[in-house]
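Asker: Here you go, this is protein.tsv (TSV, C-alpha atoms).
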```tsv
chain	number	residue	atom	x	y	z
F	1	MET	CA	-199.70	-12.55	110.42
F	2	LYS	CA	-199.94	-16.09	111.78
F	3	ARG	CA	-202.30	-17.60	114.30
F	4	ILE	CA	-200.28	-20.12	116.28
F	5	GLU	CA	-201.89	-22.99	118.14
F	6	VAL	CA	-199.69	-24.74	120.72
F	7	THR	CA	-200.83	-28.06	122.20
F	8	ILE	CA	-199.14	-29.21	125.45
F	9	PRO	CA	-199.92	-31.31	128.53
F	10	LYS	CA	-201.95	-29.48	131.19
F	11	LYS	CA	-199.01	-29.60	133.61
F	12	ASN	CA	-196.88	-27.44	131.26
F	13	GLU	CA	-199.48	-24.72	130.76
F	14	GLN	CA	-197.77	-22.19	133.02
F	15	ASP	CA	-194.34	-22.76	131.38
F	16	VAL	CA	-195.77	-21.84	127.96
F	17	LEU	CA	-197.73	-18.85	129.30
F	18	GLU	CA	-194.54	-17.46	130.89
F	19	VAL	CA	-192.73	-17.62	127.54
F	20	LEU	CA	-195.64	-15.85	125.83
F	21	GLU	CA	-195.81	-13.17	128.54
F	22	ASP	CA	-192.08	-12.49	128.06
F	23	ARG	CA	-192.83	-11.81	124.39
F	24	ASP	CA	-195.82	-9.61	125.27
F	25	HIS	CA	-198.39	-12.08	123.90
F	26	THR	CA	-201.91	-12.63	125.17
F	27	ALA	CA	-202.99	-16.23	124.63
F	28	THR	CA	-206.40	-17.87	124.57
F	29	VAL	CA	-206.27	-21.12	126.54
F	30	ILE	CA	-208.63	-24.00	125.82
F	31	GLU	CA	-208.64	-27.13	127.99
F	32	ALA	CA	-209.23	-30.52	126.39
F	33	GLU	CA	-208.51	-34.21	126.71
F	34	LYS	CA	-206.49	-36.47	124.42
F	35	ASP	CA	-205.90	-40.21	124.87
F	36	GLY	CA	-207.10	-39.96	128.49
F	37	GLU	CA	-204.70	-37.13	129.36
F	38	ASP	CA	-205.50	-33.49	130.15
F	39	ILE	CA	-204.08	-31.09	127.56
F	40	VAL	CA	-204.39	-27.37	126.79
F	41	ARG	CA	-204.37	-25.46	123.51
F	42	CYS	CA	-202.87	-22.00	123.66
F	43	GLU	CA	-203.73	-19.73	120.72
F	44	PHE	CA	-202.05	-16.39	119.92
F	45	VAL	CA	-201.15	-14.18	116.95
F	46	GLN	CA	-197.59	-13.56	115.77
F	47	ASP	CA	-195.89	-11.58	112.99
F	48	SER	CA	-194.68	-13.94	110.24
F	49	ALA	CA	-191.11	-12.67	110.54
F	50	GLU	CA	-190.90	-13.71	114.21
F	51	VAL	CA	-192.59	-17.13	113.98
F	52	ASP	CA	-189.33	-19.10	114.02
F	53	GLU	CA	-188.10	-17.26	117.14
F	54	VAL	CA	-191.31	-18.00	119.05
F	55	ILE	CA	-191.25	-21.68	118.05
F	56	GLN	CA	-187.61	-21.95	119.13
F	57	ASP	CA	-188.45	-20.38	122.52
F	58	LEU	CA	-191.20	-22.96	122.99
F	59	LYS	CA	-188.86	-25.80	122.01
F	60	ASP	CA	-186.32	-24.58	124.57
F	61	ILE	CA	-188.74	-25.13	127.50
F	62	LYS	CA	-186.94	-27.93	129.36
F	63	GLU	CA	-190.01	-28.95	131.37
F	64	ILE	CA	-191.81	-30.15	128.23
F	65	ASP	CA	-190.87	-33.72	127.26
F	66	SER	CA	-189.95	-34.59	123.69
F	67	GLY	CA	-193.08	-35.31	121.66
F	68	ASP	CA	-195.42	-33.44	124.03
F	69	LEU	CA	-195.23	-30.12	122.15
F	70	THR	CA	-197.26	-29.59	118.97
F	71	VAL	CA	-197.27	-26.30	117.08
F	72	GLU	CA	-199.75	-25.54	114.27
F	73	LEU	CA	-199.41	-22.43	112.09
F	74	ILE	CA	-202.54	-20.94	110.55
F	75	GLU	CA	-202.49	-18.00	108.15
F	76	GLN	CA	-204.21	-14.84	109.42
F	77	LYS	CA	-204.52	-11.99	106.93
F	78	ALA	CA	-204.96	-9.22	109.51
F	79	TYR	CA	-205.02	-8.60	113.25
F	80	VAL	CA	-206.85	-5.57	114.63
F	81	GLU	CA	-206.65	-4.16	118.15
F	82	LYS	CA	-208.40	-1.01	119.32
F	83	GLY	CA	-205.98	1.87	119.74
F	84	LYS	CA	-203.21	0.12	117.80
F	85	ARG	CA	-202.14	0.27	114.19
F	86	ARG	CA	-203.59	-2.49	112.02
F	87	LYS	CA	-201.15	-5.31	111.35
F	88	GLY	CA	-201.33	-6.71	107.83
F	89	GLY	CA	-200.36	-10.06	106.42
F	90	SER	CA	-197.04	-11.05	104.91
F	91	SER	CA	-196.47	-13.16	101.82
F	92	SER	CA	-193.30	-14.71	103.26
F	93	ILE	CA	-193.37	-17.83	105.41
F	94	SER	CA	-191.17	-19.05	108.24
F	95	ALA	CA	-188.38	-21.62	107.97
F	96	ASN	CA	-190.54	-24.12	109.84
F	97	GLU	CA	-193.31	-23.69	107.28
F	98	MET	CA	-190.81	-23.99	104.41
F	99	TYR	CA	-189.54	-27.21	105.95
F	100	SER	CA	-193.08	-28.57	106.08
F	101	LYS	CA	-193.68	-27.52	102.47
F	102	ALA	CA	-190.39	-29.08	101.35
F	103	PHE	CA	-191.31	-32.35	103.04
F	104	ASP	CA	-194.72	-32.31	101.29
F	105	PHE	CA	-193.18	-31.56	97.88
F	106	SER	CA	-190.39	-34.15	98.22
F	107	SER	CA	-192.67	-37.06	97.31
F	108	PHE	CA	-195.72	-37.88	95.20
F	109	ASP	CA	-198.96	-39.72	95.82
F	110	VAL	CA	-200.99	-41.68	93.27
F	111	LYS	CA	-202.80	-38.55	92.09
F	112	SER	CA	-199.53	-36.72	91.46
F	113	TRP	CA	-198.14	-39.59	89.39
F	114	SER	CA	-201.43	-39.67	87.47
F	115	LEU	CA	-201.12	-35.94	86.75
F	116	ILE	CA	-197.60	-36.45	85.39
F	117	GLY	CA	-198.82	-39.21	83.07
F	118	LEU	CA	-201.79	-37.16	81.87
F	119	ALA	CA	-199.62	-34.06	81.40
F	120	SER	CA	-197.20	-36.11	79.28
F	121	ALA	CA	-200.04	-37.37	77.08
F	122	ILE	CA	-201.41	-33.83	76.67
F	123	ALA	CA	-197.93	-32.50	75.82
F	124	VAL	CA	-197.42	-35.19	73.17
F	125	MET	CA	-200.76	-34.33	71.54
F	126	GLY	CA	-199.92	-30.64	71.64
F	127	LEU	CA	-196.50	-31.21	70.09
F	128	ALA	CA	-197.95	-33.43	67.36
F	129	ALA	CA	-200.49	-30.74	66.48
F	130	GLU	CA	-197.93	-27.91	66.91
F	131	ASN	CA	-200.37	-26.34	69.38
F	132	LEU	CA	-198.39	-24.26	71.91
F	133	ILE	CA	-201.47	-23.53	74.05
F	134	VAL	CA	-202.02	-27.25	74.67
F	135	VAL	CA	-198.35	-27.71	75.57
F	136	ILE	CA	-198.51	-24.84	78.08
F	137	GLY	CA	-201.57	-26.47	79.64
F	138	ALA	CA	-199.57	-29.67	80.11
F	139	MET	CA	-196.80	-27.73	81.87
F	140	VAL	CA	-199.18	-26.22	84.41
F	141	ILE	CA	-200.86	-29.42	85.62
F	142	ALA	CA	-197.73	-31.54	86.11
F	143	PRO	CA	-196.31	-31.28	89.69
F	144	MET	CA	-192.70	-31.89	88.58
F	145	LEU	CA	-191.07	-28.76	89.95
F	146	GLY	CA	-191.71	-29.40	93.65
F	147	PRO	CA	-189.14	-32.18	94.29
F	148	PHE	CA	-186.30	-30.16	92.78
F	149	MET	CA	-187.13	-27.15	94.97
F	150	SER	CA	-187.32	-29.48	97.97
F	151	SER	CA	-183.88	-30.89	97.16
F	152	SER	CA	-182.45	-27.34	96.98
F	153	PHE	CA	-184.02	-26.54	100.35
F	154	GLY	CA	-182.75	-29.84	101.79
F	155	LEU	CA	-179.21	-29.01	100.67
F	156	VAL	CA	-179.34	-25.67	102.46
F	157	ILE	CA	-180.71	-26.99	105.77
F	158	GLY	CA	-178.70	-30.24	105.64
F	159	ASP	CA	-181.64	-32.68	105.75
F	160	ARG	CA	-180.45	-35.95	104.19
F	161	LYS	CA	-183.95	-37.46	104.04
F	162	ILE	CA	-185.43	-34.57	102.08
F	163	ILE	CA	-182.43	-34.47	99.73
F	164	ARG	CA	-182.52	-38.20	99.01
F	165	GLN	CA	-186.30	-38.44	98.71
F	166	SER	CA	-186.59	-35.33	96.54
F	167	MET	CA	-183.91	-36.43	94.09
F	168	VAL	CA	-185.44	-39.90	93.73
F	169	TYR	CA	-188.92	-38.54	93.07
F	170	GLY	CA	-187.64	-35.73	90.84
F	171	ALA	CA	-185.66	-38.12	88.64
F	172	GLY	CA	-188.56	-40.57	88.71
F	173	SER	CA	-191.01	-37.92	87.52
F	174	ILE	CA	-188.86	-37.09	84.49
F	175	LEU	CA	-188.29	-40.78	83.72
F	176	MET	CA	-192.02	-41.49	83.93
F	177	ALA	CA	-192.83	-38.52	81.69
F	178	VAL	CA	-190.32	-39.72	79.07
F	179	ILE	CA	-191.50	-43.35	79.13
F	180	PHE	CA	-195.19	-42.42	79.08
F	181	SER	CA	-194.60	-39.98	76.21
F	182	ALA	CA	-192.76	-42.66	74.23
F	183	ILE	CA	-195.65	-45.10	74.69
F	184	ILE	CA	-198.26	-42.49	73.71
F	185	SER	CA	-196.20	-41.49	70.64
F	186	LEU	CA	-195.84	-45.00	69.17
F	187	PRO	CA	-199.21	-45.27	67.38
F	188	PHE	CA	-199.02	-41.77	65.88
F	189	ASN	CA	-195.59	-41.89	64.19
F	190	ILE	CA	-194.98	-38.21	65.03
F	191	GLU	CA	-192.50	-36.41	62.76
F	192	THR	CA	-190.22	-33.61	63.93
F	193	ASN	CA	-191.94	-30.27	63.43
F	194	SER	CA	-190.98	-26.67	64.17
F	195	LEU	CA	-192.36	-26.74	67.76
F	196	ILE	CA	-190.52	-29.96	68.61
F	197	SER	CA	-187.30	-28.55	67.13
F	198	LEU	CA	-187.72	-25.32	69.10
F	199	ILE	CA	-188.12	-27.14	72.44
F	200	ALA	CA	-185.28	-29.57	71.75
F	201	ASP	CA	-182.82	-26.97	70.49
F	202	PRO	CA	-180.42	-25.82	73.24
F	203	GLY	CA	-179.26	-22.26	72.65
F	204	PHE	CA	-177.10	-19.67	74.37
F	205	THR	CA	-180.02	-18.65	76.61
F	206	THR	CA	-180.73	-22.19	77.88
F	207	VAL	CA	-178.41	-22.14	80.92
F	208	PRO	CA	-178.98	-18.52	82.10
F	209	LEU	CA	-182.74	-18.91	81.64
F	210	SER	CA	-182.71	-22.06	83.79
F	211	LEU	CA	-180.71	-20.24	86.49
F	212	PHE	CA	-183.18	-17.35	86.58
F	213	VAL	CA	-186.11	-19.77	86.78
F	214	GLY	CA	-184.42	-21.73	89.58
F	215	SER	CA	-184.03	-18.54	91.57
F	216	ALA	CA	-187.63	-17.48	90.87
F	217	SER	CA	-188.84	-20.91	91.99
F	218	ALA	CA	-187.02	-20.61	95.32
F	219	VAL	CA	-188.52	-17.17	95.95
F	220	ALA	CA	-191.98	-18.55	95.08
F	221	PHE	CA	-191.36	-21.49	97.40
F	222	SER	CA	-190.77	-19.11	100.32
F	223	THR	CA	-194.17	-17.44	99.91
F	224	GLU	CA	-197.63	-18.39	101.11
F	225	ALA	CA	-199.09	-19.64	97.84
F	226	ARG	CA	-198.42	-23.22	96.75
F	227	GLU	CA	-200.04	-22.40	93.39
F	228	THR	CA	-197.16	-20.06	92.51
F	229	LEU	CA	-194.98	-23.08	91.78
F	230	ALA	CA	-197.30	-24.14	89.00
F	231	GLY	CA	-196.84	-20.75	87.33
F	232	VAL	CA	-193.07	-20.95	87.58
F	233	ALA	CA	-193.20	-24.47	86.15
F	234	VAL	CA	-194.42	-22.94	82.90
F	235	ALA	CA	-191.08	-21.17	82.53
F	236	ILE	CA	-188.77	-24.05	83.45
F	237	ALA	CA	-190.76	-26.36	81.14
F	238	LEU	CA	-189.76	-29.79	82.40
F	239	VAL	CA	-192.74	-31.48	80.78
F	240	PRO	CA	-192.28	-30.46	77.08
F	241	PRO	CA	-188.60	-31.55	76.87
F	242	SER	CA	-189.53	-34.85	78.54
F	243	ALA	CA	-192.35	-35.31	76.02
F	244	VAL	CA	-189.97	-34.54	73.15
F	245	ALA	CA	-187.51	-37.10	74.56
F	246	GLY	CA	-190.30	-39.70	74.54
F	247	ILE	CA	-191.17	-38.82	70.93
F	248	ALA	CA	-187.48	-39.12	69.98
F	249	ILE	CA	-187.24	-42.57	71.59
F	250	SER	CA	-190.37	-43.86	69.84
F	251	ALA	CA	-189.05	-42.56	66.50
F	252	LEU	CA	-185.47	-43.79	67.20
F	253	ASN	CA	-184.26	-40.25	66.48
F	254	PHE	CA	-181.00	-40.25	68.45
F	255	ASP	CA	-179.90	-36.80	67.30
F	256	LEU	CA	-183.13	-35.28	68.66
F	257	MET	CA	-182.72	-37.32	71.85
F	258	PHE	CA	-179.21	-35.95	72.40
F	259	HIS	CA	-180.29	-32.35	71.95
F	260	VAL	CA	-183.33	-32.55	74.22
F	261	SER	CA	-181.34	-34.42	76.88
F	262	LEU	CA	-179.04	-31.39	77.10
F	263	VAL	CA	-182.07	-29.16	77.67
F	264	ILE	CA	-183.46	-31.41	80.45
F	265	LEU	CA	-180.09	-31.79	82.18
F	266	SER	CA	-179.30	-28.07	82.07
F	267	ASN	CA	-182.76	-27.22	83.45
F	268	VAL	CA	-182.41	-29.64	86.38
F	269	MET	CA	-178.81	-28.68	87.27
F	270	ALA	CA	-179.52	-24.96	87.05
F	271	LEU	CA	-182.75	-25.35	89.01
F	272	ILE	CA	-181.01	-27.05	91.94
F	273	LEU	CA	-177.97	-24.74	91.90
F	274	ALA	CA	-179.88	-21.45	91.61
F	275	GLY	CA	-182.51	-22.65	94.09
F	276	SER	CA	-179.91	-23.49	96.73
F	277	VAL	CA	-178.07	-20.17	96.33
F	278	THR	CA	-181.34	-18.23	96.50
F	279	PHE	CA	-182.44	-20.01	99.68
F	280	LYS	CA	-179.08	-19.06	101.20
F	281	LEU	CA	-179.58	-15.43	100.22
F	282	LEU	CA	-183.07	-15.53	101.73
F	283	GLY	CA	-181.50	-16.40	105.08
F	284	VAL	CA	-182.48	-20.08	105.28
F	285	SER	CA	-179.97	-21.96	107.45
F	286	PRO	CA	-179.62	-25.31	109.27
F	287	ALA	CA	-181.09	-25.53	112.78
F	288	THR	CA	-178.43	-27.74	114.40
F	289	TYR	CA	-174.64	-28.17	114.36
F	290	TYR	CA	-174.97	-31.63	112.78
F	291	ARG	CA	-177.13	-30.30	109.96
F	292	LYS	CA	-174.73	-27.43	109.39
F	293	LYS	CA	-171.97	-29.98	108.76
F	294	VAL	CA	-174.21	-32.01	106.43
F	295	SER	CA	-175.35	-28.86	104.63
F	296	LYS	CA	-171.79	-27.62	104.13
F	297	ASP	CA	-170.66	-30.96	102.73
F	298	LYS	CA	-173.70	-31.52	100.51
F	299	MET	CA	-173.76	-27.92	99.26
F	300	ARG	CA	-170.10	-28.07	98.29
F	301	LYS	CA	-170.65	-31.26	96.30
F	302	ALA	CA	-173.90	-30.04	94.74
F	303	VAL	CA	-172.41	-26.71	93.66
F	304	ALA	CA	-169.35	-28.48	92.21
F	305	VAL	CA	-171.37	-31.07	90.28
F	306	SER	CA	-173.96	-28.54	89.07
F	307	GLY	CA	-171.33	-25.97	88.14
F	308	ILE	CA	-169.17	-28.44	86.20
F	309	SER	CA	-172.25	-29.89	84.48
F	310	LEU	CA	-173.47	-26.45	83.44
F	311	VAL	CA	-170.03	-25.49	82.11
F	312	LEU	CA	-169.87	-28.71	80.06
F	313	ILE	CA	-173.41	-28.25	78.82
F	314	GLY	CA	-172.67	-24.61	78.03
F	315	GLY	CA	-169.63	-25.69	76.00
F	316	ILE	CA	-171.62	-28.27	74.05
F	317	VAL	CA	-174.47	-25.82	73.51
F	318	GLY	CA	-172.00	-23.19	72.34
F	319	PHE	CA	-170.44	-25.63	69.86
F	320	LEU	CA	-173.84	-26.73	68.54
F	321	SER	CA	-174.97	-23.12	68.21
F	322	TYR	CA	-171.76	-22.27	66.34
F	323	GLN	CA	-172.37	-25.19	63.97
F	324	ASP	CA	-175.95	-24.05	63.37
F	325	LEU	CA	-174.70	-20.54	62.65
F	326	GLN	CA	-172.11	-21.87	60.19
F	327	GLU	CA	-174.70	-23.99	58.40
F	328	SER	CA	-177.06	-21.03	58.21
F	329	ARG	CA	-174.33	-18.86	56.69
F	330	GLN	CA	-173.41	-21.56	54.17
F	331	VAL	CA	-177.03	-21.95	53.07
F	332	GLU	CA	-177.36	-18.18	52.81
F	333	THR	CA	-174.16	-18.01	50.71
F	334	VAL	CA	-175.42	-20.67	48.29
F	335	GLN	CA	-178.80	-18.95	47.88
F	336	LYS	CA	-177.12	-15.59	47.31
F	337	ASN	CA	-174.74	-17.02	44.69
F	338	LEU	CA	-177.58	-18.71	42.79
F	339	ASP	CA	-179.71	-15.55	42.87
F	340	GLU	CA	-176.84	-13.41	41.57
F	341	ARG	CA	-176.03	-15.85	38.77
F	342	PHE	CA	-179.55	-16.66	37.53
F	343	GLY	CA	-181.81	-13.90	38.86
F	344	GLN	CA	-185.41	-14.43	37.75
F	345	ARG	CA	-184.45	-17.53	35.79
F	346	LEU	CA	-184.01	-19.40	39.10
F	347	LEU	CA	-187.30	-21.24	39.60
F	348	SER	CA	-186.43	-23.08	42.80
F	349	SER	CA	-183.49	-24.03	44.99
F	350	ASP	CA	-183.25	-26.39	47.96
F	351	VAL	CA	-180.19	-26.64	50.22
F	352	GLU	CA	-179.72	-29.45	52.75
F	353	GLY	CA	-176.78	-30.84	54.68
F	354	ASN	CA	-174.47	-29.92	57.55
F	355	SER	CA	-171.28	-27.99	58.25
F	356	ASP	CA	-169.22	-30.55	56.29
F	357	SER	CA	-171.20	-30.94	53.09
F	358	LEU	CA	-174.22	-29.52	51.30
F	359	GLU	CA	-176.66	-30.99	48.81
F	360	VAL	CA	-178.05	-28.34	46.47
F	361	THR	CA	-180.97	-28.92	44.12
F	362	SER	CA	-181.71	-26.09	41.67
F	363	VAL	CA	-184.17	-25.67	38.81
F	364	VAL	CA	-183.62	-22.81	36.33
F	365	VAL	CA	-184.98	-21.70	32.99
F	366	GLU	CA	-182.77	-22.93	30.12
F	367	SER	CA	-179.18	-21.84	30.76
F	368	SER	CA	-175.77	-22.57	29.29
F	369	VAL	CA	-174.00	-22.59	32.66
F	370	ASN	CA	-171.65	-25.51	33.26
F	371	SER	CA	-172.93	-27.41	36.32
F	372	THR	CA	-169.41	-28.66	37.22
F	373	GLU	CA	-168.06	-25.13	37.14
F	374	LEU	CA	-171.00	-23.90	39.23
F	375	GLU	CA	-170.46	-26.66	41.80
F	376	GLU	CA	-166.77	-25.73	42.15
F	377	SER	CA	-167.71	-22.06	42.53
F	378	LEU	CA	-170.16	-22.88	45.34
F	379	GLU	CA	-167.55	-25.03	47.10
F	380	SER	CA	-165.06	-22.17	46.90
F	381	ASN	CA	-167.52	-19.68	48.39
F	382	THR	CA	-168.85	-21.92	51.18
F	383	GLY	CA	-165.64	-23.78	52.06
F	384	VAL	CA	-167.41	-27.17	52.15
F	385	GLU	CA	-168.12	-29.98	49.71
F	386	VAL	CA	-171.17	-29.30	47.53
F	387	ASP	CA	-173.20	-31.92	45.67
F	388	LEU	CA	-175.11	-29.99	43.00
F	389	ASN	CA	-178.20	-31.37	41.29
F	390	PHE	CA	-178.80	-28.90	38.49
F	391	TYR	CA	-181.93	-29.03	36.32
F	392	THR	CA	-182.95	-26.79	33.42
F	393	VAL	CA	-186.35	-26.30	31.83
F	394	SER	CA	-187.18	-24.58	28.57
```
As structure tokens, please, write out the structure in this file.

Answerer:
Amino acid sequence: MKRIEVTIPKKNEQDVLEVLEDRDHTATVIEAEKDGEDIVRCEFVQDSAEVDEVIQDLKDIKEIDSGDLTVELIEQKAYVEKGKRRKGGSSSISANEMYSKAFDFSSFDVKSWSLIGLASAIAVMGLAAENLIVVIGAMVIAPMLGPFMSSSFGLVIGDRKIIRQSMVYGAGSILMAVIFSAIISLPFNIETNSLISLIADPGFTTVPLSLFVGSASAVAFSTEARETLAGVAVAIALVPPSAVAGIAISALNFDLMFHVSLVILSNVMALILAGSVTFKLLGVSPATYYRKKVSKDKMRKAVAVSGISLVLIGGIVGFLSYQDLQESRQVETVQKNLDERFGQRLLSSDVEGNSDSLEVTSVVVESSVNSTELEESLESNTGVEVDLNFYTVS
């Protein structure tokens, strides 16, 4: 339920009351004065699902001049009338409220920018210590998800200002997080660890996961609670990849930078695409003919760009995953061959390299095996060039 407060000039009081009577509403009228003019505030209760219809009816009153009508929506959990069934609250919000929320989320103030910087610093410390709990904490406090949801909403309703402002602030938030993370990382000389590799490694689930999160974010956006977005932000994880990108820049690790850039780009593209489609499915639509034209044009372009980007990213991710699988199989083949040949005499073995060549270092108890012959055997079994460093101990 919503409590709606309508502020109008005193002369238009009867026009508003007639609209409310037509909708079977009983309003409380309070007279006041503003800037030397007599005004009235009409208060009434309305089901959340019908809020947009009531507001549109009020906007259609021709006797009210532009700028003289103000509508304020206030959440009301329940409305009880004697002899009638109790009316409960609804978690969904109206299109007008979503528009207001989108406008709020489309930009940042000084505190929001400060939170992004602090979240980046916390994420860098968590990554350096391989502490996942600290990294999750950084995800929750950074308000980076809002602008991307606002841009999705702006695309659906055809609002150029929200689209432009949201994209600028969204891109700016990621850029700031990367730069701040790079600066924080410089004194610590952070090396790539298992947590950093996990976050920066795009896999087959990267794109579909981002799409699901984008859809979940849009559904959360259409509900009462602003805090829900923070919870969804944990899943999309825009902060950790940005922090990893900053670490990669400070360490001049371009391979790591390339991989984590794919993660960030796929998250953003999928977030906008899935968010826009979900808003459409939720029934959000432009209010005017002009905005319908803008929405149609912008949506077509956004879907095309996002779709093509995700296909390209998916192809690159698929290729990288295939390479990783090949390397894993080659390493497994080498280890298996060495175990079969030497058994318990194999003291240690270390395999490094890529899909084109491998460097194998093995230490065994005294053996008469020809190292050249062994190297050729490993090359035959793996299908790649093998550089064998073979050591024996007595």

Asker: Find the residue from F:Leu282, F:Lys34, F:Ala270, F:Ser181 that sits nearest to Ala304 (chain F); use all atoms listed in the file when measuring.

Answerer: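 The closest residue to Ala304 (chain F) is F:Ala270.
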
Asker: Find the residue from F:Val140, F:Leu127, F:Ile264, F:Val156 that sits nearest to Ser285 (chain F); use all atoms listed in the file when measuring.

Answerer: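 The answer is F:Val156, which sits nearest to Ser285 (chain F).
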
Asker: Can you tell me, as a CSV table (one decimal) with C-alpha atoms, in the frame of the given file, what residues are no more than 12 Å from Glu18 (chain F) when counting only C-alpha atoms, ignoring any on the same chain fewer than 4 positions away?

Answerer:
```csv
chain,number,residue,atom,x,y,z
F,12,ASN,CA,-196.9,-27.4,131.3
F,13,GLU,CA,-199.5,-24.7,130.8
F,14,GLN,CA,-197.8,-22.2,133.0
F,22,ASP,CA,-192.1,-12.5,128.1
F,23,ARG,CA,-192.8,-11.8,124.4
F,24,ASP,CA,-195.8,-9.6,125.3
F,25,HIS,CA,-198.4,-12.1,123.9
F,26,THR,CA,-201.9,-12.6,125.2
F,27,ALA,CA,-203.0,-16.2,124.6
F,42,CYS,CA,-202.9,-22.0,123.7
F,57,ASP,CA,-188.4,-20.4,122.5
F,58,LEU,CA,-191.2,-23.0,123.0
F,61,ILE,CA,-188.7,-25.1,127.5
```

Asker: Restricting the calculation to only C-alpha atoms: of F:Val178, F:Val393, F:Leu118, F:Ala248, which residue gets closest to Ser197 (chain F)?

Answerer: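 Checking each of F:Val178, F:Val393, F:Leu118, F:Ala248 against Ser197 (chain F), counting only C-alpha atoms, the winner is F:Ala248.
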
Asker: Could you work out how far CA of Ile8 (chain F) lies from CA of Lys161 (chain F), giving the answer in Å with one decimal?

Answerer: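 Interatomic distance here is 27.5 Å.
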
Asker: What does the distance from CA of Ala274 (chain F) to CA of Leu310 (chain F) come to in Å, to one decimal?

Answerer: 11.5 Å

Asker: Residues within 6 Å of region 202-215 of chain F, please, as an MDAnalysis selection string. Count only C-alpha atoms; anything in the same chain fewer than 4 positions from it doesn't count.

Answerer: chainID F and resid 263 267 270:271 274:275 278 317

Asker: Determine, counting all atoms listed in the file, which protein, DNA and RNA residues have an atom within 8 Å of an atom of Phe148 (chain F); residues of the same chain fewer than 2 positions away are not included. Present the result as a PyMOL selection string.

Answerer: chain F and resi 106+144-146+150-152+166-167+170+268+271-272

Asker: State, in Å with one decimal place, the distance from CA of Leu115 (chain F) to CA of Leu256 (chain F).

Answerer: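 These atoms are spaced 25.5 Å apart.
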
Asker: Might you pull out every residue within 12 Å of Ser368 (chain F), with all atoms listed in the file counted and same-chain residues fewer than 6 positions away left off, and present them as a list in words?

Answerer: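 What passes the distance filter is Arg341, Phe342, Arg345, Leu374, Phe390, Tyr391, Thr392, Val393 and Ser394 of chain F.
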
Asker: Measuring atom to atom with all atoms listed in the file, identify which of F:Ile196, F:Val364, F:Val331, F:Leu312 is nearest to Met269 (chain F).

Answerer: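 Ranking F:Ile196, F:Val364, F:Val331, F:Leu312 by distance to Met269 (chain F), first place goes to F:Leu312.
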